[in-house]
file query_35.tsv (TSV, C-alpha atoms and all ligand atoms)
chain	number	residue	atom	x	y	z
H	13	MET	CA	-165.96	56.54	-57.55
H	14	ILE	CA	-164.54	59.83	-58.87
H	15	GLU	CA	-166.70	62.05	-61.09
H	16	PRO	CA	-165.06	62.57	-64.54
H	17	ILE	CA	-164.71	66.34	-64.07
H	18	THR	CA	-162.49	65.79	-61.02
H	19	VAL	CA	-160.05	63.56	-62.89
H	20	PRO	CA	-156.88	65.63	-63.33
H	21	LYS	CA	-155.97	65.92	-66.99
H	22	ALA	CA	-152.79	66.50	-68.96
H	23	GLU	CA	-152.34	67.46	-72.59
H	24	LEU	CA	-149.33	66.82	-74.83
H	25	HIS	CA	-150.65	67.85	-78.24
H	26	CYS	CA	-152.26	71.20	-78.93
H	27	HIS	CA	-151.19	73.75	-81.55
H	28	ILE	CA	-151.38	77.13	-79.84
H	29	GLU	CA	-152.30	78.98	-83.04
H	30	GLY	CA	-154.96	76.31	-83.62
H	31	ALA	CA	-156.33	76.97	-80.12
H	32	ALA	CA	-157.09	80.62	-80.82
H	33	PRO	CA	-160.64	81.51	-79.74
H	34	PRO	CA	-162.51	83.00	-82.73
H	35	THR	CA	-163.49	86.05	-80.64
H	36	LEU	CA	-159.81	86.81	-79.95
H	37	VAL	CA	-158.90	86.31	-83.62
H	38	ARG	CA	-161.66	88.67	-84.70
H	39	SER	CA	-160.73	91.40	-82.24
H	40	LEU	CA	-157.00	91.24	-83.10
H	41	ALA	CA	-157.89	91.18	-86.82
H	42	GLU	CA	-159.81	94.44	-86.38
H	43	GLN	CA	-156.98	95.94	-84.34
H	44	HIS	CA	-154.30	95.05	-86.91
H	45	GLY	CA	-156.42	95.47	-90.05
H	46	VAL	CA	-156.29	91.82	-91.15
H	47	ASP	CA	-159.12	90.41	-93.27
H	48	VAL	CA	-160.35	87.17	-91.68
H	49	SER	CA	-163.75	87.09	-93.39
H	50	GLY	CA	-162.67	84.05	-95.45
H	51	VAL	CA	-161.91	81.95	-92.37
H	52	LEU	CA	-164.48	83.07	-89.76
H	53	ASP	CA	-168.20	82.95	-90.40
H	54	GLY	CA	-170.90	85.25	-88.96
H	55	ASN	CA	-171.43	82.87	-86.04
H	56	GLY	CA	-167.79	83.04	-84.99
H	57	LYS	CA	-166.94	79.60	-86.37
H	58	TYR	CA	-163.86	78.74	-88.40
H	59	ILE	CA	-164.52	77.99	-92.08
H	60	TRP	CA	-162.76	75.01	-93.65
H	61	SER	CA	-163.83	71.82	-95.40
H	62	ASP	CA	-160.87	69.43	-95.54
H	63	PHE	CA	-157.29	69.11	-94.28
H	64	THR	CA	-155.90	71.43	-96.97
H	65	THR	CA	-158.42	74.22	-96.32
H	66	PHE	CA	-158.06	73.66	-92.57
H	67	LEU	CA	-154.29	74.30	-92.84
H	68	LYS	CA	-155.01	77.47	-94.87
H	69	ALA	CA	-157.57	78.76	-92.33
H	70	TYR	CA	-155.05	78.02	-89.56
H	71	ASP	CA	-152.43	80.12	-91.41
H	72	VAL	CA	-154.83	83.09	-91.76
H	73	ALA	CA	-155.98	82.91	-88.11
H	74	SER	CA	-152.30	82.80	-87.03
H	75	SER	CA	-151.55	85.96	-89.03
H	76	VAL	CA	-153.52	88.21	-86.62
H	77	PHE	CA	-151.01	87.55	-83.79
H	78	LYS	CA	-148.41	90.22	-84.38
H	79	THR	CA	-146.90	91.19	-81.02
H	80	PRO	CA	-145.60	89.37	-77.93
H	81	ALA	CA	-148.61	90.79	-76.06
H	82	ASP	CA	-151.00	89.18	-78.59
H	83	TYR	CA	-149.36	85.80	-78.03
H	84	SER	CA	-149.35	86.32	-74.30
H	85	LEU	CA	-153.11	86.88	-74.35
H	86	LEU	CA	-153.53	83.70	-76.38
H	87	SER	CA	-151.45	81.41	-74.16
H	88	GLU	CA	-152.95	82.83	-70.97
H	89	ALA	CA	-156.49	82.29	-72.28
H	90	TYR	CA	-155.67	78.75	-73.38
H	91	PHE	CA	-153.98	77.65	-70.15
H	92	ARG	CA	-156.72	79.20	-68.01
H	93	MET	CA	-159.28	77.26	-70.02
H	94	LEU	CA	-157.30	74.02	-69.69
H	95	ALA	CA	-157.04	74.52	-65.92
H	96	ALA	CA	-160.78	75.22	-65.69
H	97	GLU	CA	-161.32	71.75	-67.20
H	98	GLY	CA	-159.16	70.13	-64.55
H	99	ALA	CA	-155.85	70.04	-66.42
H	100	ILE	CA	-152.69	70.22	-64.33
H	101	TYR	CA	-150.24	70.16	-67.24
H	102	GLY	CA	-150.21	71.25	-70.87
H	103	GLU	CA	-147.67	71.21	-73.68
H	104	ILE	CA	-148.35	73.47	-76.63
H	105	PHE	CA	-146.89	73.27	-80.10
H	106	VAL	CA	-145.49	76.64	-81.07
H	107	SER	CA	-144.70	77.51	-84.66
H	108	PRO	CA	-141.78	79.93	-85.17
H	109	ASP	CA	-142.57	79.95	-88.92
H	110	HIS	CA	-146.03	81.39	-88.27
H	111	ALA	CA	-144.61	84.00	-85.89
H	112	GLN	CA	-141.98	84.97	-88.44
H	113	ALA	CA	-144.64	85.33	-91.15
H	114	ALA	CA	-146.44	87.78	-88.84
H	115	GLY	CA	-143.20	89.74	-88.34
H	116	LEU	CA	-142.13	88.46	-84.91
H	117	SER	CA	-138.70	87.20	-83.92
H	118	TYR	CA	-138.43	83.73	-82.37
H	119	ARG	CA	-137.28	85.18	-79.08
H	120	SER	CA	-140.13	87.68	-78.68
H	121	TYR	CA	-142.66	85.05	-79.80
H	122	VAL	CA	-141.52	82.59	-77.12
H	123	GLU	CA	-141.23	85.27	-74.43
H	124	GLY	CA	-144.78	86.46	-75.17
H	125	LEU	CA	-146.16	82.93	-74.93
H	126	ALA	CA	-144.15	82.17	-71.79
H	127	SER	CA	-145.47	85.24	-69.96
H	128	GLY	CA	-149.08	84.17	-70.66
H	129	ILE	CA	-148.37	80.64	-69.41
H	130	GLU	CA	-146.76	82.06	-66.25
H	131	ARG	CA	-149.74	84.33	-65.57
H	132	ALA	CA	-152.16	81.42	-65.92
H	133	LYS	CA	-149.97	79.35	-63.59
H	134	LEU	CA	-149.96	82.02	-60.88
H	135	ASP	CA	-153.72	81.80	-60.63
H	136	THR	CA	-154.41	78.14	-61.38
H	137	ALA	CA	-151.17	76.20	-60.65
H	138	ILE	CA	-151.25	74.71	-64.17
H	139	GLU	CA	-147.78	73.83	-65.44
H	140	GLY	CA	-146.90	74.43	-69.12
H	141	ARG	CA	-144.14	73.76	-71.64
H	142	MET	CA	-143.64	74.50	-75.33
H	143	ILE	CA	-142.62	72.25	-78.22
H	144	ALA	CA	-141.30	74.18	-81.22
H	145	ILE	CA	-142.46	72.68	-84.49
H	146	GLY	CA	-141.16	72.68	-87.99
H	147	VAL	CA	-143.77	72.60	-90.73
H	148	ARG	CA	-143.29	69.55	-92.92
H	149	HIS	CA	-144.69	71.04	-96.13
H	150	PHE	CA	-142.31	74.02	-95.82
H	151	GLY	CA	-139.43	71.58	-96.47
H	152	SER	CA	-136.29	70.41	-94.71
H	153	ALA	CA	-134.35	73.70	-94.95
H	154	SER	CA	-137.14	75.50	-93.10
H	155	VAL	CA	-137.38	72.75	-90.44
H	156	GLU	CA	-133.60	72.88	-89.90
H	157	ARG	CA	-133.77	76.68	-89.58
H	158	VAL	CA	-136.35	76.26	-86.79
H	159	VAL	CA	-134.27	73.76	-84.85
H	160	LYS	CA	-131.17	75.98	-85.11
H	161	GLU	CA	-133.18	78.94	-83.84
H	162	VAL	CA	-134.48	76.91	-80.89
H	163	ILE	CA	-131.01	75.62	-79.98
H	164	GLY	CA	-129.44	79.06	-80.42
H	165	ASN	CA	-132.02	80.76	-78.18
H	166	PRO	CA	-132.61	78.35	-75.32
H	167	HIS	CA	-135.67	79.02	-73.18
H	168	PRO	CA	-136.50	76.98	-70.07
H	169	MET	CA	-140.07	76.46	-71.20
H	170	VAL	CA	-139.19	75.27	-74.72
H	171	THR	CA	-138.37	71.66	-73.99
H	172	GLY	CA	-139.28	69.86	-77.19
H	173	PHE	CA	-139.05	69.87	-80.96
H	174	GLY	CA	-141.64	68.44	-83.33
H	175	LEU	CA	-142.79	68.07	-86.91
H	176	ALA	CA	-146.32	69.06	-87.95
H	177	GLY	CA	-147.99	70.07	-91.19
H	178	ASP	CA	-149.01	68.00	-94.17
H	179	GLU	CA	-147.89	64.40	-93.65
H	180	ARG	CA	-148.58	63.70	-97.33
H	181	SER	CA	-145.57	65.83	-98.30
H	182	GLY	CA	-141.88	65.07	-97.73
H	183	HIS	CA	-140.31	61.82	-96.49
H	184	PRO	CA	-139.14	61.67	-92.83
H	185	ALA	CA	-135.58	61.00	-94.11
H	186	ASN	CA	-135.51	64.69	-95.15
H	187	PHE	CA	-135.92	65.72	-91.53
H	188	ALA	CA	-133.51	63.25	-89.90
H	189	LYS	CA	-130.77	65.86	-89.53
H	190	ALA	CA	-133.07	68.35	-87.78
H	191	PHE	CA	-134.25	65.68	-85.35
H	192	ARG	CA	-130.69	64.53	-84.66
H	193	MET	CA	-129.73	68.11	-83.80
H	194	ALA	CA	-132.76	68.48	-81.53
H	195	SER	CA	-132.04	65.24	-79.65
H	196	GLU	CA	-128.36	66.09	-79.25
H	197	ALA	CA	-129.40	69.43	-77.75
H	198	GLY	CA	-131.49	67.61	-75.13
H	199	LEU	CA	-134.92	68.44	-76.55
H	200	GLY	CA	-137.72	65.89	-76.39
H	201	THR	CA	-138.91	64.95	-79.88
H	202	THR	CA	-142.25	64.07	-81.44
H	203	ALA	CA	-143.57	63.95	-84.99
H	204	HIS	CA	-147.00	63.89	-86.58
H	205	ALA	CA	-147.39	60.53	-88.36
H	206	GLY	CA	-150.20	58.05	-88.88
H	207	GLU	CA	-152.83	60.78	-89.18
H	208	PHE	CA	-153.21	61.04	-92.95
H	209	GLY	CA	-150.39	58.61	-93.67
H	210	GLY	CA	-150.69	54.87	-93.04
H	211	PRO	CA	-148.39	52.44	-91.22
H	212	ASP	CA	-145.46	53.12	-93.60
H	213	SER	CA	-145.47	56.75	-92.55
H	214	VAL	CA	-145.36	55.74	-88.87
H	215	ILE	CA	-142.53	53.26	-89.48
H	216	ALA	CA	-140.53	55.90	-91.38
H	217	ALA	CA	-141.00	58.43	-88.56
H	218	LEU	CA	-139.70	55.87	-86.03
H	219	GLU	CA	-136.76	54.90	-88.22
H	220	PHE	CA	-135.59	58.29	-89.42
H	221	LEU	CA	-136.64	60.64	-86.63
H	222	ARG	CA	-136.04	58.25	-83.70
H	223	VAL	CA	-139.01	59.67	-81.78
H	224	LYS	CA	-140.49	58.06	-78.66
H	225	ARG	CA	-143.74	60.01	-79.06
H	226	LEU	CA	-145.95	60.28	-82.13
H	227	GLY	CA	-148.56	62.93	-82.96
H	228	HIS	CA	-151.68	60.86	-83.71
H	229	GLY	CA	-150.06	57.56	-84.80
H	230	VAL	CA	-153.52	56.02	-84.87
H	231	ARG	CA	-153.33	54.57	-88.37
H	232	ALA	CA	-150.72	52.17	-87.02
H	233	ILE	CA	-153.80	50.08	-86.22
H	234	GLU	CA	-153.78	48.97	-89.89
H	235	ASP	CA	-150.61	46.91	-89.27
H	236	LYS	CA	-150.67	44.30	-86.48
H	237	GLU	CA	-146.86	44.01	-86.35
H	238	LEU	CA	-146.53	47.76	-85.99
H	239	VAL	CA	-149.04	47.85	-83.13
H	240	LYS	CA	-146.94	45.23	-81.34
H	241	ARG	CA	-143.80	47.26	-82.00
H	242	LEU	CA	-145.37	50.43	-80.54
H	243	ALA	CA	-146.35	48.50	-77.43
H	244	ASP	CA	-142.96	46.74	-77.10
H	245	GLU	CA	-140.99	49.97	-77.57
H	246	ASP	CA	-143.20	52.05	-75.24
H	247	ILE	CA	-143.98	54.58	-77.96
H	248	VAL	CA	-146.53	57.07	-76.64
H	249	LEU	CA	-149.32	58.19	-78.97
H	250	GLU	CA	-150.69	61.72	-78.71
H	251	VAL	CA	-154.17	60.71	-79.81
H	252	CYS	CA	-156.62	63.44	-80.90
H	253	PRO	CA	-159.91	61.63	-81.55
H	254	GLY	CA	-162.12	64.70	-82.09
H	255	SER	CA	-159.63	66.11	-84.60
H	256	ASN	CA	-159.52	62.78	-86.48
H	257	ILE	CA	-163.31	62.68	-86.72
H	258	SER	CA	-163.60	66.33	-87.79
H	259	LEU	CA	-160.97	65.84	-90.49
H	260	GLY	CA	-162.63	62.64	-91.72
H	261	VAL	CA	-159.91	60.15	-90.75
H	262	TYR	CA	-162.70	58.20	-88.97
H	263	THR	CA	-166.43	58.66	-89.38
H	264	HIS	CA	-167.54	58.17	-85.79
H	265	MET	CA	-165.99	57.85	-82.34
H	266	ARG	CA	-167.07	54.20	-82.10
H	267	PHE	CA	-164.86	53.42	-85.13
H	268	HIS	CA	-161.85	55.27	-83.68
H	269	PRO	CA	-158.97	52.90	-82.81
H	270	VAL	CA	-157.95	54.57	-79.52
H	271	ASN	CA	-159.59	51.87	-77.41
H	272	MET	CA	-158.21	49.02	-79.51
H	273	LEU	CA	-154.69	50.45	-79.43
H	274	ARG	CA	-154.87	50.76	-75.66
H	275	ARG	CA	-156.16	47.21	-75.30
H	276	GLU	CA	-153.19	46.01	-77.37
H	277	GLY	CA	-150.87	47.62	-74.81
H	278	VAL	CA	-149.98	50.80	-76.70
H	279	LYS	CA	-149.50	53.86	-74.49
H	280	VAL	CA	-152.12	56.44	-75.44
H	281	THR	CA	-152.90	59.97	-74.29
H	282	LEU	CA	-155.86	62.22	-75.15
H	283	ASN	CA	-155.48	65.63	-76.75
H	284	SER	CA	-157.46	68.39	-78.48
H	285	ASP	CA	-155.07	69.31	-81.38
H	286	ASP	CA	-156.76	72.53	-82.64
H	287	PRO	CA	-159.78	72.76	-80.31
H	288	PRO	CA	-162.02	75.54	-81.71
H	289	PHE	CA	-161.46	74.36	-85.29
H	290	PHE	CA	-162.78	70.93	-84.32
H	291	GLY	CA	-165.43	71.97	-81.79
H	292	THR	CA	-163.57	70.25	-78.99
H	293	THR	CA	-161.67	70.77	-75.75
H	294	LEU	CA	-159.45	68.48	-73.69
H	295	GLY	CA	-162.35	67.90	-71.29
H	296	LYS	CA	-164.61	66.92	-74.19
H	297	GLU	CA	-162.00	64.45	-75.46
H	298	TYR	CA	-161.80	62.71	-72.07
H	299	ALA	CA	-165.60	62.71	-71.80
H	300	SER	CA	-166.46	61.50	-75.31
H	301	VAL	CA	-163.87	58.71	-75.40
H	302	SER	CA	-164.90	57.58	-71.91
H	303	GLU	CA	-168.57	57.58	-72.83
H	304	THR	CA	-168.04	55.70	-76.10
H	305	PHE	CA	-165.72	53.02	-74.74
H	306	GLY	CA	-166.92	52.79	-71.16
H	307	TRP	CA	-163.73	54.15	-69.62
H	308	LYS	CA	-164.03	54.69	-65.88
H	309	ALA	CA	-162.25	57.28	-63.75
H	310	GLU	CA	-159.43	54.73	-63.24
H	311	ASP	CA	-158.89	54.53	-67.01
H	312	GLN	CA	-158.86	58.31	-67.35
H	313	ILE	CA	-156.34	58.59	-64.53
H	314	GLU	CA	-154.10	56.12	-66.34
H	315	ILE	CA	-154.30	58.31	-69.46
H	316	THR	CA	-153.19	61.34	-67.46
H	317	ARG	CA	-150.41	59.35	-65.79
H	318	THR	CA	-149.13	58.20	-69.21
H	319	ALA	CA	-149.11	61.84	-70.41
H	320	ILE	CA	-147.18	63.06	-67.36
H	321	GLU	CA	-144.66	60.24	-67.62
H	322	ALA	CA	-144.09	61.05	-71.31
H	323	ALA	CA	-144.04	64.83	-70.80
H	324	PHE	CA	-141.09	66.89	-71.98
H	325	CYS	CA	-140.40	68.39	-68.57
H	326	ASP	CA	-137.84	67.88	-65.82
H	327	LYS	CA	-138.02	65.05	-63.29
H	328	ALA	CA	-138.91	67.28	-60.32
H	329	THR	CA	-141.90	68.74	-62.19
H	330	LYS	CA	-143.07	65.26	-63.19
H	331	THR	CA	-142.83	64.08	-59.60
H	332	ARG	CA	-144.86	67.08	-58.39
H	333	LEU	CA	-147.51	66.44	-61.05
H	334	LEU	CA	-147.73	62.75	-60.18
H	335	VAL	CA	-148.16	63.66	-56.50
H	336	ARG	CA	-151.03	65.98	-57.49
H	337	LEU	CA	-152.57	63.20	-59.56
H	338	ASP	CA	-152.28	60.67	-56.73
H	339	SER	CA	-153.62	63.07	-54.12
H	340	ALA	CA	-156.66	63.77	-56.31
H	341	LEU	CA	-157.19	60.02	-56.35
H	342	GLN	CA	-157.08	59.81	-52.59
H	343	ASN	CA	-159.16	62.94	-52.04
H	344	PRO	CA	-161.74	62.97	-54.83
H	345	GLY	CA	-163.29	66.38	-55.41
H	346	THR	CA	-160.30	68.37	-54.18
H	347	SER	CA	-158.03	68.41	-57.24
W	1	LIG	N1	-151.04	71.64	-87.71
W	1	LIG	C1	-152.09	72.00	-86.97
W	1	LIG	N2	-152.95	70.96	-86.81
W	1	LIG	C2	-152.39	69.91	-87.47
W	1	LIG	C3	-152.78	68.57	-87.66
W	1	LIG	N3	-153.92	68.06	-87.16
W	1	LIG	N4	-151.98	67.78	-88.39
W	1	LIG	C4	-150.83	68.28	-88.90
W	1	LIG	N5	-150.43	69.53	-88.74
W	1	LIG	C5	-151.20	70.34	-88.03
W	2	ZN	ZN	-151.46	68.19	-84.38

call {"tool": "encode", "arguments": {"input": "query_35.tsv", "output": "structure tokens"}}
result
Amino acid sequence: MIEPITVPKAELHCHIEGAAPPTLVRSLAEQHGVDVSGVLDGNGKYIWSDFTTFLKAYDVASSVFKTPADYSLLSEAYFRMLAAEGAIYGEIFVSPDHAQAAGLSYRSYVEGLASGIERAKLDTAIEGRMIAIGVRHFGSASVERVVKEVIGNPHPMVTGFGLAGDERSGHPANFAKAFRMASEAGLGTTAHAGEFGGPDSVIAALEFLRVKRLGHGVRAIEDKELVKRLADEDIVLEVCPGSNISLGVYTHMRFHPVNMLRREGVKVTLNSDDPPFFGTTLGKEYASVSETFGWKAEDQIEITRTAIEAAFCDKATKTRLLVRLDSALQNPGTS
């Protein structure tokens, strides 16, 4: 039997700006003269009360990252922390719109993040990739601008394109062109759907964006036919249980559909979304889901395997990661 901490982990869904440690945000805010008193309390906790105020707090916290070096510090800190929890792979959502609002070009933003990921890898062997996101509530023109920027400035670590932001605004049809461009350019694609929207939102994302991965997707559980479709079409869900509970999508882990979806044959992965905002980490997600639903080490390993198989990285990297996962299985305690 393998102890949970030794189970190698992989993450597909974490917003790098939403992973910013409050201490780092405060120190950069002081350095750059940004007022963050409205979003960080005296105990170093983010202040927000619902999805709308969360998105606003996230925007303010993002605004303290002004240079490539700031972003490099952030990605290095995040990937080191992931590795310390036993992760061997992480994909982060990066938001060119937030970088631009802070005065950074797309290229310098991505290069800053990439150098932090590389530094963390040198020390810990963790592998990382970036998924550039368009923000849904900024509208289709803004999302198309992001995809053009990504395609026009290729970077080996930016391997995916996604849609985040407020699912309650804008129909997926508005973003079909951006997703078609991303797919034609060879980027992996994923979209947030089925977090605040119900089954119709998930169906529309599948139809119009042609994604094989969904951010959250959990509210598909409200439609039996849709659950069957997800299973039949091998759609992978980037499930973020702690985020869903913090944002009030579900009241308690035992009411979260992750276990039911998995039992119905849907491919699920576990993710932290915006960890310090929701008081979580990838390790806590593996631990709390496992404790609630009685998942053993074998179940957790299957979750990691699903994530690696669905990762937006090249075949050789996937093979290496799967070898690491299998060798941890054979030699528990050495991963
Ligand atoms: N951006 C950052 N976190 C998000 C979430 N949970 N849903 C949609 N957009 C986001
Ligand atoms: Zn998300």

call {"tool": "atom_distance", "arguments": {"input": "query_35.tsv", "atom1": "atom CA of H:Lys78", "atom2": "atom CA of H:Phe324"}}
result
27.4 Å

call {"tool": "residues_around", "arguments": {"input": "query_35.tsv", "residues": "stretch 300-312 of chain H", "least_positions_apart": "4", "cutoff": "12 Å", "atoms": "only C-alpha atoms", "output": "number ranges by chain"}}
result
H: 13-22, 251-254, 257, 264-272, 274-275, 280-284, 292-296, 316-319, 337-338, 340-341, 344

call {"tool": "residues_near_ligand", "arguments": {"input": "query_35.tsv", "ligand": "ligand ZN 2 (chain W)", "cutoff": "7 Å", "atoms": "all atoms listed in the file", "output": "VMD selection string"}}
result
chain H and resid 25 to 27 176 204 227 285

call {"tool": "closest_residue", "arguments": {"input": "query_35.tsv", "among": "H:Asp286, H:Glu297, H:Glu130, H:Asp326", "to": "H:Tyr58", "atoms": "all atoms listed in the file"}}
result
H:Asp286

call {"tool": "closest_residue", "arguments": {"input": "query_35.tsv", "among": "H:Val48, H:Val147, H:Leu249, H:Ala190", "to": "ligand LIG 1 (chain W)", "atoms": "all atoms listed in the file"}}
result
H:Val147

call {"tool": "closest_residue", "arguments": {"input": "query_35.tsv", "among": "H:Lys279, H:Ser49, H:Ile104, H:Ser75", "to": "H:Val248", "atoms": "all atoms listed in the file"}}
result
H:Lys279

call {"tool": "closest_residue", "arguments": {"input": "query_35.tsv", "among": "H:Asn256, H:Thr263, H:Ser127, H:Thr329", "to": "ligand LIG 1 (chain W)", "atoms": "only C-alpha atoms and all ligand atoms"}}
result
H:Asn256

call {"tool": "closest_residue", "arguments": {"input": "query_35.tsv", "among": "H:Val37, H:Leu67, H:Val106, H:Ala144", "to": "ligand LIG 1 (chain W)", "atoms": "only C-alpha atoms and all ligand atoms"}}
result
H:Leu67

call {"tool": "atom_distance", "arguments": {"input": "query_35.tsv", "atom1": "atom CA of H:Tyr90", "atom2": "atom CA of H:Pro33"}}
result
8.5 Å

call {"tool": "atom_distance", "arguments": {"input": "query_35.tsv", "atom1": "atom CA of H:Leu238", "atom2": "atom CA of H:Val214"}}
result
8.6 Å

call {"tool": "residues_around", "arguments": {"input": "query_35.tsv", "residues": "H:Gly102", "least_positions_apart": "3", "cutoff": "9 Å", "atoms": "all atoms listed in the file", "output": "list in words"}}
result
Lys21, Ala22, Glu23, Leu24, His25, Cys26, Phe91, Leu94, Ala99, Ile138, Glu139, Gly140, Arg141, Met142 and Ala323 of chain H

call {"tool": "residues_around", "arguments": {"input": "query_35.tsv", "residues": "H:Arg131", "least_positions_apart": "4", "cutoff": "10 Å", "atoms": "only C-alpha atoms", "output": "list in words"}}
result
Ser84, Leu85, Ser87, Glu88, Ala89, Phe91, Arg92, Ala126, Ser127, Asp135, Thr136, Ala137 and Ile138 of chain H

call {"tool": "residues_around", "arguments": {"input": "query_35.tsv", "residues": "H:Ala243", "least_positions_apart": "4", "cutoff": "8 Å", "atoms": "all atoms listed in the file", "output": "list of chain:residue names"}}
result
H:Val239, H:Ile247, H:Glu276, H:Gly277, H:Val278, H:Lys279

call {"tool": "closest_residue", "arguments": {"input": "query_35.tsv", "among": "H:Asp244, H:Glu314, H:Glu207, H:Asp82", "to": "ligand LIG 1 (chain W)", "atoms": "only C-alpha atoms and all ligand atoms"}}
result
H:Glu207

call {"tool": "decode", "arguments": {"input": "query_35.tsv", "residues": "stretch 109-128 of chain H", "atoms": "N, CA and C atoms", "output": "PDB file, in the first residue's frame"}}
result
ATOM      1  N   ASP H 109      -4.162  39.032 -21.106  1.00  0.00           N
ATOM      2  CA  ASP H 109      -4.920  40.262 -20.842  1.00  0.00           C
ATOM      3  C   ASP H 109      -4.497  40.890 -19.518  1.00  0.00           C
ATOM      4  N   HIS H 110      -4.274  40.052 -18.504  1.00  0.00           N
ATOM      5  CA  HIS H 110      -3.865  40.590 -17.202  1.00  0.00           C
ATOM      6  C   HIS H 110      -2.454  41.162 -17.274  1.00  0.00           C
ATOM      7  N   ALA H 111      -1.577  40.499 -18.042  1.00  0.00           N
ATOM      8  CA  ALA H 111      -0.214  41.015 -18.194  1.00  0.00           C
ATOM      9  C   ALA H 111      -0.247  42.356 -18.913  1.00  0.00           C
ATOM     10  N   GLN H 112      -1.061  42.416 -19.959  1.00  0.00           N
ATOM     11  CA  GLN H 112      -1.157  43.656 -20.742  1.00  0.00           C
ATOM     12  C   GLN H 112      -1.682  44.804 -19.863  1.00  0.00           C
ATOM     13  N   ALA H 113      -2.664  44.498 -19.018  1.00  0.00           N
ATOM     14  CA  ALA H 113      -3.210  45.540 -18.129  1.00  0.00           C
ATOM     15  C   ALA H 113      -2.133  46.059 -17.174  1.00  0.00           C
ATOM     16  N   ALA H 114      -1.157  45.195 -16.856  1.00  0.00           N
ATOM     17  CA  ALA H 114      -0.076  45.625 -15.953  1.00  0.00           C
ATOM     18  C   ALA H 114       1.104  46.206 -16.732  1.00  0.00           C
ATOM     19  N   GLY H 115       0.945  46.324 -18.069  1.00  0.00           N
ATOM     20  CA  GLY H 115       1.964  46.995 -18.879  1.00  0.00           C
ATOM     21  C   GLY H 115       3.025  46.083 -19.471  1.00  0.00           C
ATOM     22  N   LEU H 116       2.750  44.780 -19.513  1.00  0.00           N
ATOM     23  CA  LEU H 116       3.755  43.821 -20.022  1.00  0.00           C
ATOM     24  C   LEU H 116       3.343  43.276 -21.388  1.00  0.00           C
ATOM     25  N   SER H 117       4.332  43.125 -22.272  1.00  0.00           N
ATOM     26  CA  SER H 117       4.022  42.510 -23.567  1.00  0.00           C
ATOM     27  C   SER H 117       3.816  41.003 -23.366  1.00  0.00           C
ATOM     28  N   TYR H 118       3.110  40.379 -24.331  1.00  0.00           N
ATOM     29  CA  TYR H 118       2.880  38.940 -24.260  1.00  0.00           C
ATOM     30  C   TYR H 118       4.202  38.174 -24.185  1.00  0.00           C
ATOM     31  N   ARG H 119       5.130  38.576 -25.051  1.00  0.00           N
ATOM     32  CA  ARG H 119       6.404  37.871 -25.118  1.00  0.00           C
ATOM     33  C   ARG H 119       7.161  37.929 -23.787  1.00  0.00           C
ATOM     34  N   SER H 120       7.262  39.114 -23.185  1.00  0.00           N
ATOM     35  CA  SER H 120       8.050  39.205 -21.944  1.00  0.00           C
ATOM     36  C   SER H 120       7.322  38.510 -20.787  1.00  0.00           C
ATOM     37  N   TYR H 121       6.002  38.542 -20.831  1.00  0.00           N
ATOM     38  CA  TYR H 121       5.193  37.826 -19.823  1.00  0.00           C
ATOM     39  C   TYR H 121       5.517  36.325 -19.864  1.00  0.00           C
ATOM     40  N   VAL H 122       5.431  35.755 -21.073  1.00  0.00           N
ATOM     41  CA  VAL H 122       5.650  34.310 -21.214  1.00  0.00           C
ATOM     42  C   VAL H 122       7.108  33.945 -20.904  1.00  0.00           C
ATOM     43  N   GLU H 123       8.038  34.787 -21.346  1.00  0.00           N
ATOM     44  CA  GLU H 123       9.453  34.475 -21.065  1.00  0.00           C
ATOM     45  C   GLU H 123       9.738  34.528 -19.562  1.00  0.00           C
ATOM     46  N   GLY H 124       9.145  35.484 -18.871  1.00  0.00           N
ATOM     47  CA  GLY H 124       9.310  35.559 -17.412  1.00  0.00           C
ATOM     48  C   GLY H 124       8.777  34.304 -16.739  1.00  0.00           C
ATOM     49  N   LEU H 125       7.571  33.910 -17.106  1.00  0.00           N
ATOM     50  CA  LEU H 125       6.975  32.700 -16.515  1.00  0.00           C
ATOM     51  C   LEU H 125       7.806  31.463 -16.845  1.00  0.00           C
ATOM     52  N   ALA H 126       8.249  31.373 -18.105  1.00  0.00           N
ATOM     53  CA  ALA H 126       9.012  30.187 -18.526  1.00  0.00           C
ATOM     54  C   ALA H 126      10.312  30.071 -17.733  1.00  0.00           C
ATOM     55  N   SER H 127      10.972  31.200 -17.464  1.00  0.00           N
ATOM     56  CA  SER H 127      12.260  31.089 -16.750  1.00  0.00           C
ATOM     57  C   SER H 127      12.029  30.597 -15.319  1.00  0.00           C
ATOM     58  N   GLY H 128      10.927  30.991 -14.694  1.00  0.00           N
ATOM     59  CA  GLY H 128      10.630  30.485 -13.344  1.00  0.00           C
ATOM     60  C   GLY H 128      10.335  28.990 -13.356  1.00  0.00           C
TER      61      GLY H 128
END
